[in-house]
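Colleague: Below: one structure in structure tokens.
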Amino acid sequence: MEISSTTPDEYLATLGGADHETMTTIDSHIVDAMPGRRRVLWEGVFWGGTEQSIIGYGHIIQPRPKGEDVEWFSVGLARQSSTFSVYVNAVEGGAYLGKVYADRLGTVKLGSASIGFRKLENLDLDGFRAMIEHAHRITPPDPER
């Protein structure tokens, strides 16, 4: 995946109805919880082999189990075919924050660094915001651009 010339706002404007409402609501919560962080659109083939558009917040170097480390985001937001996904690449004490906050996120499906939900009402926004603020605190500042 690569950083796109399309801005996150331009991408969000292409979404309609409930998708637009959910994505802009979650985007707003992430932006508020991560002040001063880079916000860009990543597009291309995701590690699992599917074509994706992900709004990335913050900048990290992500270790990969196989291959070289990659430039990535600390938090990402994507609309999948049947779910919304938030990727939280922040780790504390050897655990991804999604796992740490699992009992505070609502009715979600957890992966290692991913949190999936079908509709906004399934996500506990208070617990979500606390997790994103925590990610902001423990992730190194973005490098100067």
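So you can find residues: chains in the structure tokens are A, B, ... in the order shown, residues in each start at 1, and ligands are numbered from 1 in order.
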Any idea what's packed within 6 Å of stretch 81-95 of chain A, counting only C-alpha atoms, ignoring anything in its chain fewer than 5 positions away? Could you give it as a PyMOL selection string?
Modeller: chain A and resi 74-76+113-118+135
Colleague: Do you know which residues are at most 7 Å from stretch 57-73 of chain A counting only C-alpha atoms, after dropping those on the same chain fewer than 2 positions away, and could you put them as a list of chain:residue names?
Modeller: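 Near stretch 57-73 of chain A, the qualifying residues are A:Arg37, A:Arg38, A:Arg39, A:Val40, A:Ile55, A:Val75, A:Gly76, A:Asp142.
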Colleague: Generate a file of the selected residues that holds C-alpha atoms, formatted as a PDB file, in the first residue's frame.
Modeller:
```pdb
ATOM      1  CA  ARG A  37      -0.907  13.468  13.924  1.00  0.00           C
ATOM      2  CA  ARG A  38      -0.549  13.005  10.186  1.00  0.00           C
ATOM      3  CA  ARG A  39      -3.819  11.985   8.464  1.00  0.00           C
ATOM      4  CA  VAL A  40      -3.460  10.478   4.979  1.00  0.00           C
ATOM      5  CA  ILE A  55      -7.342   6.467   6.348  1.00  0.00           C
ATOM      6  CA  VAL A  75      -4.324   3.946  13.690  1.00  0.00           C
ATOM      7  CA  GLY A  76      -6.225   3.206  10.479  1.00  0.00           C
ATOM      8  CA  ASP A 142       5.303  11.762  13.892  1.00  0.00           C
TER       9      ASP A 142
END
```
Colleague: Run DSSP on the backbone and give me the residues of stretch 16-140 of chain A it puts in strand (DSSP E), as an MDAnalysis selection string.
Modeller: chainID A and resid 39:45 51:57 60:62 70:72 75:79 84:88 91:92 95:96 109:110 114:117
Colleague: Nearest residue to A:Leu12 out of A:Leu120, A:Leu41, A:Ala33, A:Leu110, using only C-alpha atoms?
Modeller: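 Checking each candidate against A:Leu12, we get A:Leu41 as the closest.
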Colleague: Work out how far atom CA of A:Val31 is from atom CA of A:Met131, in Å to one decimal.
Modeller: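 So the two atoms, atom CA of A:Met131 and atom CA of A:Val31, lie 13.0 Å apart.
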Colleague: DSSP on the backbone, alpha helix (DSSP H) only: what residues of stretch 47-138 of chain A does that give? Format it as an NGL selection string.
Modeller: :A and (97-100 or 125-138)
Colleague: Output all heavy atoms for every residue in the selection just made, as a CSV table (one decimal), in the first residue's frame.
Modeller:
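The result, written out as again12.csv:
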```csv
chain,number,residue,atom,x,y,z
A,97,LEU,N,-3.5,-2.8,21.7
A,97,LEU,CA,-4.5,-2.1,22.5
A,97,LEU,C,-5.9,-2.5,22.3
A,97,LEU,O,-6.7,-2.5,23.2
A,97,LEU,CB,-4.4,-0.5,22.3
A,97,LEU,CG,-3.1,0.1,22.9
A,97,LEU,CD1,-3.3,1.7,22.8
A,97,LEU,CD2,-2.9,-0.3,24.3
A,98,GLY,N,-6.2,-3.0,21.1
A,98,GLY,CA,-7.6,-3.6,20.9
A,98,GLY,C,-7.9,-4.7,21.8
A,98,GLY,O,-9.0,-4.8,22.3
A,99,LYS,N,-6.9,-5.5,22.1
A,99,LYS,CA,-7.1,-6.6,23.1
A,99,LYS,C,-7.2,-6.1,24.5
A,99,LYS,O,-8.0,-6.6,25.3
A,99,LYS,CB,-5.9,-7.6,23.0
A,99,LYS,CG,-5.7,-8.2,21.6
A,99,LYS,CD,-6.7,-9.3,21.3
A,99,LYS,CE,-6.3,-10.0,20.0
A,99,LYS,NZ,-7.2,-11.0,19.6
A,100,VAL,N,-6.4,-5.1,24.8
A,100,VAL,CA,-6.4,-4.5,26.1
A,100,VAL,C,-7.8,-3.9,26.4
A,100,VAL,O,-8.3,-4.0,27.5
A,100,VAL,CB,-5.3,-3.4,26.3
A,100,VAL,CG1,-5.4,-2.7,27.6
A,100,VAL,CG2,-3.9,-4.1,26.1
A,125,LEU,N,-18.4,4.2,21.9
A,125,LEU,CA,-17.5,5.3,21.5
A,125,LEU,C,-16.7,5.8,22.7
A,125,LEU,O,-15.5,6.3,22.4
A,125,LEU,CB,-18.3,6.5,20.9
A,125,LEU,CG,-18.9,6.2,19.5
A,125,LEU,CD1,-19.9,7.3,19.1
A,125,LEU,CD2,-17.8,6.0,18.5
A,126,ASP,N,-17.1,5.7,23.9
A,126,ASP,CA,-16.3,6.1,25.1
A,126,ASP,C,-15.1,5.2,25.2
A,126,ASP,O,-14.0,5.7,25.4
A,126,ASP,CB,-17.2,6.2,26.3
A,126,ASP,CG,-18.2,7.2,26.3
A,126,ASP,OD1,-18.0,8.3,25.7
A,126,ASP,OD2,-19.2,7.1,27.0
A,127,GLY,N,-15.3,3.9,25.2
A,127,GLY,CA,-14.2,3.0,25.3
A,127,GLY,C,-13.3,3.1,24.1
A,127,GLY,O,-12.0,3.1,24.2
A,128,PHE,N,-13.8,3.3,22.9
A,128,PHE,CA,-13.0,3.5,21.7
A,128,PHE,C,-12.1,4.8,21.8
A,128,PHE,O,-10.9,4.7,21.5
A,128,PHE,CB,-14.0,3.7,20.5
A,128,PHE,CG,-13.3,3.9,19.2
A,128,PHE,CD1,-12.6,2.9,18.5
A,128,PHE,CD2,-13.3,5.2,18.6
A,128,PHE,CE1,-11.9,3.2,17.3
A,128,PHE,CE2,-12.6,5.5,17.4
A,128,PHE,CZ,-12.0,4.4,16.8
A,129,ARG,N,-12.7,5.9,22.2
A,129,ARG,CA,-11.9,7.1,22.4
A,129,ARG,C,-10.8,6.9,23.4
A,129,ARG,O,-9.7,7.4,23.2
A,129,ARG,CB,-12.8,8.3,22.7
A,129,ARG,CG,-12.0,9.5,22.8
A,129,ARG,CD,-12.9,10.8,22.9
A,129,ARG,NE,-12.0,11.9,23.0
A,129,ARG,CZ,-11.9,12.8,22.1
A,129,ARG,NH1,-12.6,12.7,21.0
A,129,ARG,NH2,-11.1,13.9,22.2
A,130,ALA,N,-11.1,6.3,24.5
A,130,ALA,CA,-10.1,6.0,25.5
A,130,ALA,C,-8.9,5.2,24.9
A,130,ALA,O,-7.7,5.5,25.2
A,130,ALA,CB,-10.7,5.3,26.7
A,131,MET,N,-9.2,4.2,24.1
A,131,MET,CA,-8.2,3.4,23.4
A,131,MET,C,-7.4,4.2,22.5
A,131,MET,O,-6.1,4.1,22.5
A,131,MET,CB,-8.8,2.2,22.7
A,131,MET,CG,-7.8,1.4,22.0
A,131,MET,SD,-8.6,0.1,21.0
A,131,MET,CE,-9.5,1.1,19.8
A,132,ILE,N,-8.0,5.1,21.7
A,132,ILE,CA,-7.3,5.9,20.7
A,132,ILE,C,-6.4,6.9,21.4
A,132,ILE,O,-5.3,7.2,21.0
A,132,ILE,CB,-8.3,6.6,19.7
A,132,ILE,CG1,-9.1,5.5,18.9
A,132,ILE,CG2,-7.5,7.5,18.7
A,132,ILE,CD1,-8.2,4.5,18.1
A,133,GLU,N,-6.9,7.5,22.5
A,133,GLU,CA,-6.1,8.5,23.3
A,133,GLU,C,-4.9,7.8,23.9
A,133,GLU,O,-3.8,8.3,23.9
A,133,GLU,CB,-6.9,9.1,24.4
A,133,GLU,CG,-7.9,10.1,23.8
A,133,GLU,CD,-8.9,10.6,24.9
A,133,GLU,OE1,-9.0,10.0,26.0
A,133,GLU,OE2,-9.6,11.6,24.6
A,134,HIS,N,-5.1,6.5,24.3
A,134,HIS,CA,-4.0,5.7,24.8
A,134,HIS,C,-3.0,5.5,23.7
A,134,HIS,O,-1.7,5.6,23.9
A,134,HIS,CB,-4.5,4.4,25.4
A,134,HIS,CG,-3.6,3.6,26.2
A,134,HIS,ND1,-4.0,2.6,27.0
A,134,HIS,CD2,-2.2,3.6,26.2
A,134,HIS,CE1,-2.9,2.0,27.5
A,134,HIS,NE2,-1.8,2.6,27.1
A,135,ALA,N,-3.4,5.1,22.5
A,135,ALA,CA,-2.5,4.9,21.4
A,135,ALA,C,-1.7,6.1,21.1
A,135,ALA,O,-0.5,6.1,20.8
A,135,ALA,CB,-3.3,4.4,20.2
A,136,HIS,N,-2.4,7.3,21.2
A,136,HIS,CA,-1.7,8.6,20.9
A,136,HIS,C,-0.6,8.8,21.9
A,136,HIS,O,0.5,9.2,21.6
A,136,HIS,CB,-2.7,9.7,20.9
A,136,HIS,CG,-2.2,11.0,20.8
A,136,HIS,ND1,-1.6,11.5,19.6
A,136,HIS,CD2,-2.1,12.1,21.6
A,136,HIS,CE1,-1.1,12.7,19.7
A,136,HIS,NE2,-1.4,13.1,21.0
A,137,ARG,N,-0.9,8.5,23.2
A,137,ARG,CA,0.1,8.7,24.3
A,137,ARG,C,1.4,7.8,24.1
A,137,ARG,O,2.5,8.2,24.4
A,137,ARG,CB,-0.5,8.5,25.6
A,137,ARG,CG,-1.4,9.6,26.1
A,137,ARG,CD,-1.8,9.4,27.6
A,137,ARG,NE,-2.3,8.1,28.0
A,137,ARG,CZ,-3.5,7.7,27.9
A,137,ARG,NH1,-4.5,8.5,27.4
A,137,ARG,NH2,-3.9,6.5,28.3
A,138,ILE,N,1.2,6.6,23.7
A,138,ILE,CA,2.3,5.6,23.7
A,138,ILE,C,3.0,5.5,22.3
A,138,ILE,O,4.1,4.9,22.3
A,138,ILE,CB,1.9,4.2,24.2
A,138,ILE,CG1,0.9,3.6,23.2
A,138,ILE,CG2,1.3,4.3,25.6
A,138,ILE,CD1,0.6,2.1,23.5
```
Colleague: Taking into account only C-alpha atoms, which residue in the set A:Ala13, A:Leu123, A:Ile30, A:Val45 is nearest to A:Gly106?
Modeller: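 Residue with the minimum atom-to-atom distance to A:Gly106: A:Leu123.
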